[in-house]
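One structure is given below, encoded as C-alpha cells.
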Amino acid sequence: LIDPRTRDWAYGVAERLGVDLELFAPLRRPGDPAGLLLPRVLEETGLTGPVPVTTVGSHDTASAVAAVPATGERFAYICTGTWSLAGLELDAPVLTEESRAANFTNELGLDGTVRYLRNIMGLWLLQECVRDWGDPDLGELLRAAAGVPALRSVVDAGDSAFLAPGRMPERIAAACRESGQPVPSSPAETTRCILDSLALAHRRAVAEAQALADHPVDVVHIVGGGTRNALLCQLTADACGLPVVAGPAEAAALGNVLVQARTQGVVGDRASMRRLVARTQPLVRYEPQGDPAAWRAAEDRLARA
C-alpha cells in the first residue's frame, strides 16, 4: 500500500482494493517524534518523564543497515542470522521486471533510502542441523568444517525444501544425492556444505544486485550474528571476490539507538553515525583468497542440478 516512488500511500491501489486509508495512522519516517511515554509505562519502568518516543527503522534489517560502518556509497551489506538479507542501499527503487523475477525487494530505510535486497535462508540450515545433532560445541564443529575440502558439495540455500524444521541433515544429504554430488557423511562435512552454499548464495545476491541496480560495490559489510562465524565471513569474501568487513554483531540494536540519538541531537547525519560505529565497534576485515574459478564452477554445477 506504499508507493515506492513517492513514499506515500498508494492511493490508487488502495481505492481499487476498497481499502479505507483513514483507518491507518499517519505515516512516519525513522527519526520522527512519536510522542511521549505514557504515565503507566513511566511507572512500570521507573523512569521520570517526560521521555520522548522516536520512531526508528521499524524492521530490524532497516535498523541494522543504518548501523553498517560503511565509509562511502559503494558497498553491499549482508544482515546475517537465521536469514541472510543481502543487498544494496540505494536512493531509488529498482522496479524492472528483471528485478522482480530475480526476487529482489525494495524496502524503505533511513533518510528515504531503499534497501534493495534478497532474502536468503541463512544460518537456519546450520541451526537446525546443530539441533538435530544434539547441540555439539559450535566452535569445534566450525574448526572441523574448515578442514573439509572446499566446495565438495553445494545446495541451493534458497530452496523451499529447507524451510521446515526437523531432519535438516537428511534433507541436505538428499539434495546432494539427487544432484549427483558427494553426500556429506559427518557433521563437519554437512556444516562445510552449508557454509559453502550460503557463501555461494551471498555471491549470487551481491552480483545480481549490482547488475540489476547498475550500482557497483568495492566492499561487502556483514552485520548481525553471522559476524561471529569467521569461516562464513571468509568464505563470503572468497565467493564474492571482494573484501568483507564483519561487524557489528548487534547492528539492529545500534541502528535503533543511533536514530534516536540523532533525533535528540547527540549524533550527526547518517555518515556521522556510520563513522561512530566504525570507530567504536570491533570490526574484522577478510580479504578474498583462493581461486575465483572454483566458485564460478560451483555456481555452474548448482545451476545444472
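Residues in the C-alpha cells are numbered from 1 in each chain, the chains being A, B, ... in the order shown, and ligands are numbered from 1 in the order shown.
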(message) To test your reading of the structure, identify every residue in segment 207-276 of chain A that backbone DSSP assigns to helix (DSSP H, G or I), and report it as number ranges by chain.
(response) A: 207-213, 225-228, 230-240, 251-263, 270-276
(request) Find the residues near segment 191-196 of chain A: any atom within 9 Å, counting only C-alpha atoms, skip ones fewer than 2 places away on the same chain, and give them as an MDAnalysis selection string. (result) chainID A and resid 123 125:126 129 141:142 144:155 157 172 184 186:189 198:201 231:232 235:236 239
(message) What's around segment 131-133 of chain A at 10 Å? Count only C-alpha atoms, leave out sequence neighbours fewer than 6 positions away in its own chain, and write the answer as JSON, numbers by chain.
(response) {"A": [165, 166, 167, 168, 169, 170, 187]}
Those residues you just picked out, can you put them in a file as a PDB file, in the first residue's frame with N, CA and C atoms?
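What follows is the written file out-v3.pdb:
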```
ATOM      1  N   PRO A 165      11.255 -27.067   9.781  1.00  0.00           N
ATOM      2  CA  PRO A 165      12.204 -27.585  10.774  1.00  0.00           C
ATOM      3  C   PRO A 165      12.251 -29.115  10.756  1.00  0.00           C
ATOM      4  N   GLY A 166      13.337 -29.646  11.323  1.00  0.00           N
ATOM      5  CA  GLY A 166      13.443 -31.092  11.504  1.00  0.00           C
ATOM      6  C   GLY A 166      14.161 -31.801  10.379  1.00  0.00           C
ATOM      7  N   ARG A 167      15.002 -32.774  10.736  1.00  0.00           N
ATOM      8  CA  ARG A 167      15.687 -33.665   9.804  1.00  0.00           C
ATOM      9  C   ARG A 167      16.478 -32.892   8.743  1.00  0.00           C
ATOM     10  N   MET A 168      17.089 -31.786   9.124  1.00  0.00           N
ATOM     11  CA  MET A 168      17.816 -30.981   8.140  1.00  0.00           C
ATOM     12  C   MET A 168      19.020 -31.716   7.560  1.00  0.00           C
ATOM     13  N   PRO A 169      19.835 -32.424   8.374  1.00  0.00           N
ATOM     14  CA  PRO A 169      20.973 -33.129   7.764  1.00  0.00           C
ATOM     15  C   PRO A 169      20.532 -34.123   6.693  1.00  0.00           C
ATOM     16  N   GLU A 170      19.405 -34.798   6.919  1.00  0.00           N
ATOM     17  CA  GLU A 170      18.908 -35.762   5.932  1.00  0.00           C
ATOM     18  C   GLU A 170      18.487 -35.060   4.651  1.00  0.00           C
ATOM     19  N   PRO A 187      28.980 -34.533  10.576  1.00  0.00           N
ATOM     20  CA  PRO A 187      28.571 -33.155  10.879  1.00  0.00           C
ATOM     21  C   PRO A 187      29.514 -32.111  10.281  1.00  0.00           C
TER      22      PRO A 187
END
```
(request) Mind the document's chain letters and residue numbers, and return as number ranges by chain the residues of segment 25-152 of chain A that DSSP labels strand (DSSP E). (result) A: 33-36, 52-54, 75-80, 84-90, 105-108, 114-120
For the residues selected in the previous step, produce a file with N, CA, C and O atoms as a compact mmCIF listing (two decimals), in the first residue's frame.
```
# COMPACT_ATOMS: atom_id res chain seq x y z
N PRO A 33 9.51 12.24 15.67
CA PRO A 33 8.98 12.12 17.03
C PRO A 33 7.62 11.43 17.00
O PRO A 33 6.81 11.66 16.10
N ALA A 34 7.40 10.56 17.97
CA ALA A 34 6.14 9.82 18.01
C ALA A 34 5.34 10.10 19.28
O ALA A 34 4.30 9.47 19.49
N GLY A 35 5.82 11.01 20.12
CA GLY A 35 5.08 11.33 21.33
C GLY A 35 5.93 11.13 22.57
O GLY A 35 7.16 11.16 22.52
N LEU A 36 5.24 10.90 23.69
CA LEU A 36 5.91 10.70 24.98
C LEU A 36 5.46 9.38 25.60
O LEU A 36 4.35 8.90 25.33
N PRO A 52 10.75 11.20 25.59
CA PRO A 52 10.29 11.21 24.20
C PRO A 52 10.39 9.82 23.56
O PRO A 52 11.30 9.05 23.87
N VAL A 53 9.45 9.52 22.68
CA VAL A 53 9.48 8.28 21.89
C VAL A 53 9.78 8.67 20.45
O VAL A 53 9.15 9.56 19.89
N THR A 54 10.77 7.99 19.87
CA THR A 54 11.20 8.29 18.50
C THR A 54 10.99 7.08 17.62
O THR A 54 11.34 5.96 18.01
N PHE A 75 29.02 0.06 -1.38
CA PHE A 75 29.08 -1.11 -0.51
C PHE A 75 27.83 -1.95 -0.66
O PHE A 75 26.75 -1.46 -1.00
N ALA A 76 27.99 -3.25 -0.42
CA ALA A 76 26.86 -4.16 -0.26
C ALA A 76 26.81 -4.56 1.21
O ALA A 76 27.81 -4.43 1.94
N TYR A 77 25.67 -5.01 1.66
CA TYR A 77 25.54 -5.47 3.05
C TYR A 77 24.88 -6.84 3.06
O TYR A 77 24.11 -7.20 2.16
N ILE A 78 25.22 -7.59 4.08
CA ILE A 78 24.55 -8.86 4.35
C ILE A 78 24.21 -8.88 5.83
O ILE A 78 25.11 -8.87 6.68
N CYS A 79 22.93 -8.82 6.14
CA CYS A 79 22.47 -8.92 7.53
C CYS A 79 22.25 -10.40 7.82
O CYS A 79 21.35 -11.03 7.23
N THR A 80 23.07 -10.96 8.69
CA THR A 80 23.08 -12.40 8.88
C THR A 80 22.45 -12.80 10.20
O THR A 80 22.57 -12.12 11.21
N SER A 84 19.69 -14.62 5.86
CA SER A 84 20.64 -13.64 5.34
C SER A 84 19.88 -12.71 4.42
O SER A 84 19.13 -13.17 3.55
N LEU A 85 20.05 -11.41 4.62
CA LEU A 85 19.42 -10.41 3.76
C LEU A 85 20.54 -9.64 3.09
O LEU A 85 21.27 -8.89 3.75
N ALA A 86 20.71 -9.87 1.80
CA ALA A 86 21.86 -9.35 1.07
C ALA A 86 21.41 -8.34 0.04
O ALA A 86 20.48 -8.60 -0.74
N GLY A 87 22.06 -7.18 0.02
CA GLY A 87 21.67 -6.19 -0.98
C GLY A 87 22.45 -4.91 -0.90
O GLY A 87 23.58 -4.87 -0.41
N LEU A 88 21.81 -3.84 -1.38
CA LEU A 88 22.43 -2.53 -1.53
C LEU A 88 21.57 -1.47 -0.87
O LEU A 88 20.37 -1.65 -0.69
N GLU A 89 22.18 -0.34 -0.56
CA GLU A 89 21.44 0.85 -0.14
C GLU A 89 21.41 1.81 -1.32
O GLU A 89 22.45 2.24 -1.81
N LEU A 90 20.19 2.14 -1.78
CA LEU A 90 20.03 2.96 -2.98
C LEU A 90 19.20 4.20 -2.67
O LEU A 90 18.50 4.27 -1.65
N THR A 105 13.61 -7.24 -3.39
CA THR A 105 12.58 -6.36 -2.86
C THR A 105 13.13 -4.95 -2.68
O THR A 105 14.34 -4.76 -2.52
N ASN A 106 12.25 -3.97 -2.70
CA ASN A 106 12.58 -2.58 -2.41
C ASN A 106 11.92 -2.22 -1.09
O ASN A 106 10.69 -2.13 -1.01
N GLU A 107 12.73 -2.05 -0.04
CA GLU A 107 12.20 -1.77 1.29
C GLU A 107 12.78 -0.45 1.78
O GLU A 107 13.96 -0.16 1.53
N LEU A 108 11.97 0.32 2.47
CA LEU A 108 12.41 1.65 2.87
C LEU A 108 13.39 1.60 4.02
O LEU A 108 13.27 0.78 4.92
N VAL A 114 16.50 3.25 -0.06
CA VAL A 114 15.84 2.00 -0.38
C VAL A 114 16.80 0.86 -0.07
O VAL A 114 17.96 0.87 -0.51
N ARG A 115 16.32 -0.10 0.69
CA ARG A 115 17.08 -1.33 0.93
C ARG A 115 16.68 -2.32 -0.17
O ARG A 115 15.61 -2.92 -0.11
N TYR A 116 17.55 -2.43 -1.13
CA TYR A 116 17.31 -3.30 -2.28
C TYR A 116 17.96 -4.63 -1.97
O TYR A 116 19.20 -4.73 -1.94
N LEU A 117 17.16 -5.66 -1.70
CA LEU A 117 17.75 -6.88 -1.14
C LEU A 117 16.99 -8.13 -1.53
O LEU A 117 15.86 -8.09 -2.01
N ARG A 118 17.67 -9.24 -1.28
CA ARG A 118 17.07 -10.56 -1.45
C ARG A 118 17.17 -11.32 -0.13
O ARG A 118 18.20 -11.28 0.54
N ASN A 119 16.09 -12.03 0.23
CA ASN A 119 16.10 -12.89 1.40
C ASN A 119 16.73 -14.24 1.04
O ASN A 119 16.36 -14.86 0.04
N ILE A 120 17.68 -14.70 1.85
CA ILE A 120 18.34 -15.98 1.68
C ILE A 120 18.15 -16.78 2.96
O ILE A 120 18.09 -16.20 4.05
```
(request) Go through A:Ala64, A:Leu47, A:Leu138, A:Cys233 and flag the residue nearest Val284 of chain A, using only C-alpha atoms for the distances. (result) A:Cys233
(message) For a quick check of understanding, using only C-alpha atoms, which of A:Val223, A:Val206, A:Leu163, A:Val13 has the smallest distance to Leu283 of chain A?
(response) A:Val223
(message) At a cut-off of 12 Å, using only C-alpha atoms, what residues contact Pro248 of chain A? Leave out same-chain residues fewer than 5 positions from it and give the result as JSON, numbers by chain.
(response) {"A": [64, 65, 66, 67, 68, 69, 70, 77, 78, 79, 80, 221, 222, 223, 224, 225, 226, 227, 228, 253, 254, 255, 274, 276, 277, 278, 279, 280, 281, 282, 283, 284, 285]}
(request) Tell me, in Å to one decimal, how far atom CA of Trp124 of chain A is from atom CA of Trp83 of chain A. (result)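 Result for atom CA of Trp124 of chain A versus atom CA of Trp83 of chain A: 6.6 Å, one decimal.
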(message) With distances taken over only C-alpha atoms, which residue among A:Asn229, A:Arg143, A:Pro288, A:Arg29 lies nearest Ala249 of chain A?
(response)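 Among the listed residues, the smallest separation from Ala249 of chain A belongs to A:Asn229.
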(message) I'd like the contact shell of segment 179-181 of chain A - 6 Å cut-off, only C-alpha atoms, skipping same-chain residues fewer than 2 positions apart - returned as a PyMOL selection string.
(response) chain A and resi 153+176-177+305
(message) Need to verify the contact set: Asp8 of chain A, 12 Å, only C-alpha atoms, exclusion of same-chain residues closer than 2 positions in sequence. Can you return it as number ranges by chain?
(response) A: 1-6, 10-14, 21, 26-29, 108, 112
(request) Give me, please, the distance in Å between atom CA of Pro30 of chain A and atom CA of Gly268 of chain A, quoted to one decimal. (result) 14.5 Å
(request) Excluding Ala293 of chain A and residues on its chain fewer than 2 positions from it, collect all residues at most 12 Å away from it, counting only C-alpha atoms, and give them as a list in words. (result) Leu151, Asp238, Ala239, Cys240, Gly241, Gln289, Gly290, Asp291, Trp295, Arg296, Ala297, Ala298, Glu299 and Asp300 of chain A
(message) Could you check the closest approach to Gln210 of chain A for each of A:Ala246, A:Phe104, A:Ser58, A:Gly72 and tell me which residue wins, using only C-alpha atoms?
(response)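 The closest residue to Gln210 of chain A is A:Phe104.
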(request) Give me, please, the distance in Å between atom CA of Glu178 of chain A and atom CA of Ala207 of chain A, quoted to one decimal. (result) 27.1 Å
(request) Give the answer as one residue: which of A:Asp214, A:Asp91, A:Glu128, A:Glu140 has the shortest atom-to-atom distance to Arg171 of chain A, using only C-alpha atoms? (result)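 Under the stated criterion, the closest residue is A:Glu128.
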